[in-house]
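Novice: Encoded as structure tokens, here's the structure I'll be asking about.
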Amino acid sequence: MKKTILLSLSLGVLLSSGFLISNAIATSNISQEKSESSISKEQALTFFTKVLEQQKADFLNNTPLAHTNQSRLSSRDEAVLIFLSSTKVDKQKLHSFSYKISNVKVYSENQRNYAEAYVTRTFSFGSGLETGLGDTLVLEIQSSPDDLKGPSHTISSSKSTSEVNEKVSVDEFLEKYEAEATK
């Protein structure tokens, strides 16, 4: 019985010390993964402004998916779905589009540079309807700080908290929206 208790205690001590060591290693790896970026907050703000200005131009031209590489919009982005449902189904004309960028953060993770910001986009339609959408945008920036002086910087990917997770096509969404709107 003493051997069983002693064996259990020894095993418990070994497992807990192994757990503590593995947690320390995991914590160390996490802190190494996210580190300071070589991109400044001002440069990140320039990237976000460039993306949002392209979104503004595309929305005002009624072509939100015309320049997806520059605007970082997709057919699953809630801003696109709001715009399309308001203009195609509700037959509203977009009068203005504005945006506000706040809480800009930059970091490097796995040797890649990222810029993150909270962005509020506001649509004003002809009938006086104004609707806004606020979400966090994350851009992966594939450039060295020296490359950022010219126009050659690259935004390789983005993600947004405003993307619809369902795999519904724009056409399906608009059909469902129209069915709900006409009830």
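Letters A, B, ... mark the chains of the structure tokens in the order given; residue numbers begin at 1 per chain; ligand numbers begin at 1, in order shown.
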Neighbours of Asp171 (chain A) within 10 Å (only C-alpha atoms; same-chain residues fewer than 4 positions away dropped), as an mmCIF file with all heavy atoms, in the first residue's frame?

Specialist:
data_model
loop_
_atom_site.group_PDB
_atom_site.id
_atom_site.type_symbol
_atom_site.label_atom_id
_atom_site.label_comp_id
_atom_site.auth_asym_id
_atom_site.auth_seq_id
_atom_site.Cartn_x
_atom_site.Cartn_y
_atom_site.Cartn_z
ATOM 1 N N SER A 75 -17.165 38.611 -51.478
ATOM 2 C CA SER A 75 -18.620 38.487 -51.568
ATOM 3 C C SER A 75 -19.232 38.085 -50.230
ATOM 4 O O SER A 75 -20.439 38.165 -50.063
ATOM 5 C CB SER A 75 -18.990 37.468 -52.644
ATOM 6 O OG SER A 75 -18.453 36.205 -52.315
ATOM 7 N N LEU A 84 -25.248 45.679 -51.366
ATOM 8 C CA LEU A 84 -26.014 45.037 -52.434
ATOM 9 C C LEU A 84 -27.498 44.905 -52.079
ATOM 10 O O LEU A 84 -28.362 45.131 -52.925
ATOM 11 C CB LEU A 84 -25.417 43.670 -52.769
ATOM 12 C CG LEU A 84 -24.046 43.696 -53.442
ATOM 13 C CD1 LEU A 84 -23.492 42.285 -53.607
ATOM 14 C CD2 LEU A 84 -24.098 44.417 -54.778
ATOM 15 N N GLU A 175 -31.706 36.852 -52.733
ATOM 16 C CA GLU A 175 -33.023 36.213 -52.858
ATOM 17 C C GLU A 175 -33.704 36.106 -51.488
ATOM 18 O O GLU A 175 -34.882 36.424 -51.340
ATOM 19 C CB GLU A 175 -32.890 34.809 -53.473
ATOM 20 C CG GLU A 175 -32.649 34.816 -54.962
ATOM 21 C CD GLU A 175 -32.411 33.403 -55.495
ATOM 22 O OE1 GLU A 175 -32.836 32.416 -54.850
ATOM 23 O OE2 GLU A 175 -31.788 33.295 -56.569
ATOM 24 N N LYS A 176 -32.950 35.642 -50.502
ATOM 25 C CA LYS A 176 -33.489 35.500 -49.143
ATOM 26 C C LYS A 176 -33.849 36.866 -48.560
ATOM 27 O O LYS A 176 -34.875 37.021 -47.908
ATOM 28 C CB LYS A 176 -32.500 34.768 -48.227
ATOM 29 C CG LYS A 176 -32.361 33.315 -48.570
ATOM 30 C CD LYS A 176 -31.329 32.639 -47.690
ATOM 31 C CE LYS A 176 -31.164 31.176 -48.081
ATOM 32 N NZ LYS A 176 -30.162 30.510 -47.250
ATOM 33 N N TYR A 177 -33.004 37.866 -48.810
ATOM 34 C CA TYR A 177 -33.266 39.222 -48.298
ATOM 35 C C TYR A 177 -34.541 39.766 -48.927
ATOM 36 O O TYR A 177 -35.389 40.357 -48.249
ATOM 37 C CB TYR A 177 -32.082 40.139 -48.595
ATOM 38 C CG TYR A 177 -32.304 41.564 -48.113
ATOM 39 C CD1 TYR A 177 -32.068 41.905 -46.788
ATOM 40 C CD2 TYR A 177 -32.776 42.553 -48.977
ATOM 41 C CE1 TYR A 177 -32.281 43.198 -46.339
ATOM 42 C CE2 TYR A 177 -32.996 43.841 -48.534
ATOM 43 C CZ TYR A 177 -32.747 44.151 -47.217
ATOM 44 O OH TYR A 177 -32.973 45.436 -46.761
#

Novice: To one decimal place in Å, what is the distance between CA of Phe48 (chain A) and CA of Phe125 (chain A)?

Specialist: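 A separation of 23.9 Å between them.
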
Novice: Just give me the gap between CA of Lys93 (chain A) and CA of Leu73 (chain A) in Å, one decimal is fine.

Specialist: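 Spanning CA of Lys93 (chain A) to CA of Leu73 (chain A) is a straight-line distance of 20.0 Å.
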
Novice: Of the candidates A:Glu116, A:Asp90, A:Asp77, A:Glu130, which shows the shortest atom-to-atom distance to Ala44 (chain A), using only C-alpha atoms?

Specialist: A:Glu116

Novice: Considering only C-alpha atoms, state which residue in the set A:Phe83, A:Asn113, A:Glu140, A:Asn103 is at the smallest distance from Leu65 (chain A).

Specialist: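 Closest residue, counting only C-alpha atoms: A:Phe83.
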
Novice: What is the CA of Asp58 (chain A) to CA of Thr131 (chain A) distance in Å?

Specialist: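 We find that CA of Asp58 (chain A) and CA of Thr131 (chain A) lie 17.3 Å from each other.
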
Novice: Write down as a ChimeraX atom specification the residues belonging to region 79-122 of chain A that are assigned strand (DSSP E) by DSSP computed on the backbone.

Specialist: /A:94-109,112-122

Novice: Write the residues of the selection above to a file with N, CA and C atoms, as a PDB file, in the first residue's frame.

Specialist:
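Full text of result17.pdb as output:
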ATOM      1  N   LEU A  94     -26.749  54.985 -53.292  1.00  0.00           N
ATOM      2  CA  LEU A  94     -25.730  55.354 -52.313  1.00  0.00           C
ATOM      3  C   LEU A  94     -25.297  56.797 -52.560  1.00  0.00           C
ATOM      4  N   HIS A  95     -25.419  57.631 -51.524  1.00  0.00           N
ATOM      5  CA  HIS A  95     -24.993  59.033 -51.641  1.00  0.00           C
ATOM      6  C   HIS A  95     -23.571  59.240 -51.149  1.00  0.00           C
ATOM      7  N   SER A  96     -23.227  58.547 -50.076  1.00  0.00           N
ATOM      8  CA  SER A  96     -21.862  58.710 -49.567  1.00  0.00           C
ATOM      9  C   SER A  96     -21.427  57.475 -48.792  1.00  0.00           C
ATOM     10  N   PHE A  97     -20.127  57.339 -48.717  1.00  0.00           N
ATOM     11  CA  PHE A  97     -19.496  56.257 -47.975  1.00  0.00           C
ATOM     12  C   PHE A  97     -18.355  56.888 -47.199  1.00  0.00           C
ATOM     13  N   SER A  98     -18.310  56.628 -45.910  1.00  0.00           N
ATOM     14  CA  SER A  98     -17.212  57.169 -45.102  1.00  0.00           C
ATOM     15  C   SER A  98     -16.672  56.070 -44.202  1.00  0.00           C
ATOM     16  N   TYR A  99     -15.509  56.313 -43.665  1.00  0.00           N
ATOM     17  CA  TYR A  99     -14.880  55.323 -42.785  1.00  0.00           C
ATOM     18  C   TYR A  99     -14.068  56.030 -41.716  1.00  0.00           C
ATOM     19  N   LYS A 100     -13.841  55.307 -40.640  1.00  0.00           N
ATOM     20  CA  LYS A 100     -13.004  55.804 -39.552  1.00  0.00           C
ATOM     21  C   LYS A 100     -12.115  54.650 -39.111  1.00  0.00           C
ATOM     22  N   ILE A 101     -10.831  54.934 -38.964  1.00  0.00           N
ATOM     23  CA  ILE A 101      -9.850  53.927 -38.559  1.00  0.00           C
ATOM     24  C   ILE A 101      -9.389  54.253 -37.142  1.00  0.00           C
ATOM     25  N   SER A 102      -9.413  53.262 -36.260  1.00  0.00           N
ATOM     26  CA  SER A 102      -8.930  53.488 -34.887  1.00  0.00           C
ATOM     27  C   SER A 102      -8.227  52.232 -34.370  1.00  0.00           C
ATOM     28  N   ASN A 103      -7.562  52.394 -33.250  1.00  0.00           N
ATOM     29  CA  ASN A 103      -6.873  51.289 -32.558  1.00  0.00           C
ATOM     30  C   ASN A 103      -5.941  50.500 -33.485  1.00  0.00           C
ATOM     31  N   VAL A 104      -5.086  51.217 -34.196  1.00  0.00           N
ATOM     32  CA  VAL A 104      -4.143  50.568 -35.108  1.00  0.00           C
ATOM     33  C   VAL A 104      -3.050  49.875 -34.296  1.00  0.00           C
ATOM     34  N   LYS A 105      -2.818  48.608 -34.640  1.00  0.00           N
ATOM     35  CA  LYS A 105      -1.762  47.824 -33.999  1.00  0.00           C
ATOM     36  C   LYS A 105      -0.939  47.168 -35.092  1.00  0.00           C
ATOM     37  N   VAL A 106       0.341  47.002 -34.843  1.00  0.00           N
ATOM     38  CA  VAL A 106       1.208  46.276 -35.765  1.00  0.00           C
ATOM     39  C   VAL A 106       1.961  45.214 -34.971  1.00  0.00           C
ATOM     40  N   TYR A 107       2.174  44.079 -35.600  1.00  0.00           N
ATOM     41  CA  TYR A 107       2.932  43.013 -34.956  1.00  0.00           C
ATOM     42  C   TYR A 107       3.473  42.074 -36.016  1.00  0.00           C
ATOM     43  N   SER A 108       4.403  41.277 -35.604  1.00  0.00           N
ATOM     44  CA  SER A 108       4.996  40.287 -36.482  1.00  0.00           C
ATOM     45  C   SER A 108       4.714  38.922 -35.865  1.00  0.00           C
ATOM     46  N   GLU A 109       4.301  37.994 -36.707  1.00  0.00           N
ATOM     47  CA  GLU A 109       3.994  36.650 -36.230  1.00  0.00           C
ATOM     48  C   GLU A 109       4.507  35.666 -37.263  1.00  0.00           C
ATOM     49  N   ARG A 112       6.060  37.238 -40.305  1.00  0.00           N
ATOM     50  CA  ARG A 112       5.180  37.991 -41.208  1.00  0.00           C
ATOM     51  C   ARG A 112       4.685  39.223 -40.478  1.00  0.00           C
ATOM     52  N   ASN A 113       4.538  40.314 -41.225  1.00  0.00           N
ATOM     53  CA  ASN A 113       4.069  41.566 -40.641  1.00  0.00           C
ATOM     54  C   ASN A 113       2.562  41.689 -40.794  1.00  0.00           C
ATOM     55  N   TYR A 114       1.902  42.108 -39.713  1.00  0.00           N
ATOM     56  CA  TYR A 114       0.463  42.299 -39.727  1.00  0.00           C
ATOM     57  C   TYR A 114       0.113  43.685 -39.187  1.00  0.00           C
ATOM     58  N   ALA A 115      -0.943  44.241 -39.759  1.00  0.00           N
ATOM     59  CA  ALA A 115      -1.519  45.490 -39.260  1.00  0.00           C
ATOM     60  C   ALA A 115      -2.967  45.177 -38.910  1.00  0.00           C
ATOM     61  N   GLU A 116      -3.400  45.635 -37.760  1.00  0.00           N
ATOM     62  CA  GLU A 116      -4.758  45.384 -37.285  1.00  0.00           C
ATOM     63  C   GLU A 116      -5.366  46.707 -36.853  1.00  0.00           C
ATOM     64  N   ALA A 117      -6.639  46.916 -37.178  1.00  0.00           N
ATOM     65  CA  ALA A 117      -7.311  48.158 -36.787  1.00  0.00           C
ATOM     66  C   ALA A 117      -8.810  47.920 -36.671  1.00  0.00           C
ATOM     67  N   TYR A 118      -9.441  48.748 -35.865  1.00  0.00           N
ATOM     68  CA  TYR A 118     -10.898  48.740 -35.795  1.00  0.00           C
ATOM     69  C   TYR A 118     -11.381  49.776 -36.808  1.00  0.00           C
ATOM     70  N   VAL A 119     -12.240  49.337 -37.730  1.00  0.00           N
ATOM     71  CA  VAL A 119     -12.697  50.207 -38.815  1.00  0.00           C
ATOM     72  C   VAL A 119     -14.215  50.304 -38.769  1.00  0.00           C
ATOM     73  N   THR A 120     -14.714  51.533 -38.835  1.00  0.00           N
ATOM     74  CA  THR A 120     -16.149  51.775 -38.932  1.00  0.00           C
ATOM     75  C   THR A 120     -16.432  52.304 -40.324  1.00  0.00           C
ATOM     76  N   ARG A 121     -17.317  51.617 -41.043  1.00  0.00           N
ATOM     77  CA  ARG A 121     -17.706  52.048 -42.392  1.00  0.00           C
ATOM     78  C   ARG A 121     -19.175  52.459 -42.341  1.00  0.00           C
ATOM     79  N   THR A 122     -19.486  53.619 -42.922  1.00  0.00           N
ATOM     80  CA  THR A 122     -20.847  54.153 -42.884  1.00  0.00           C
ATOM     81  C   THR A 122     -21.347  54.406 -44.302  1.00  0.00           C
TER      82      THR A 122
END
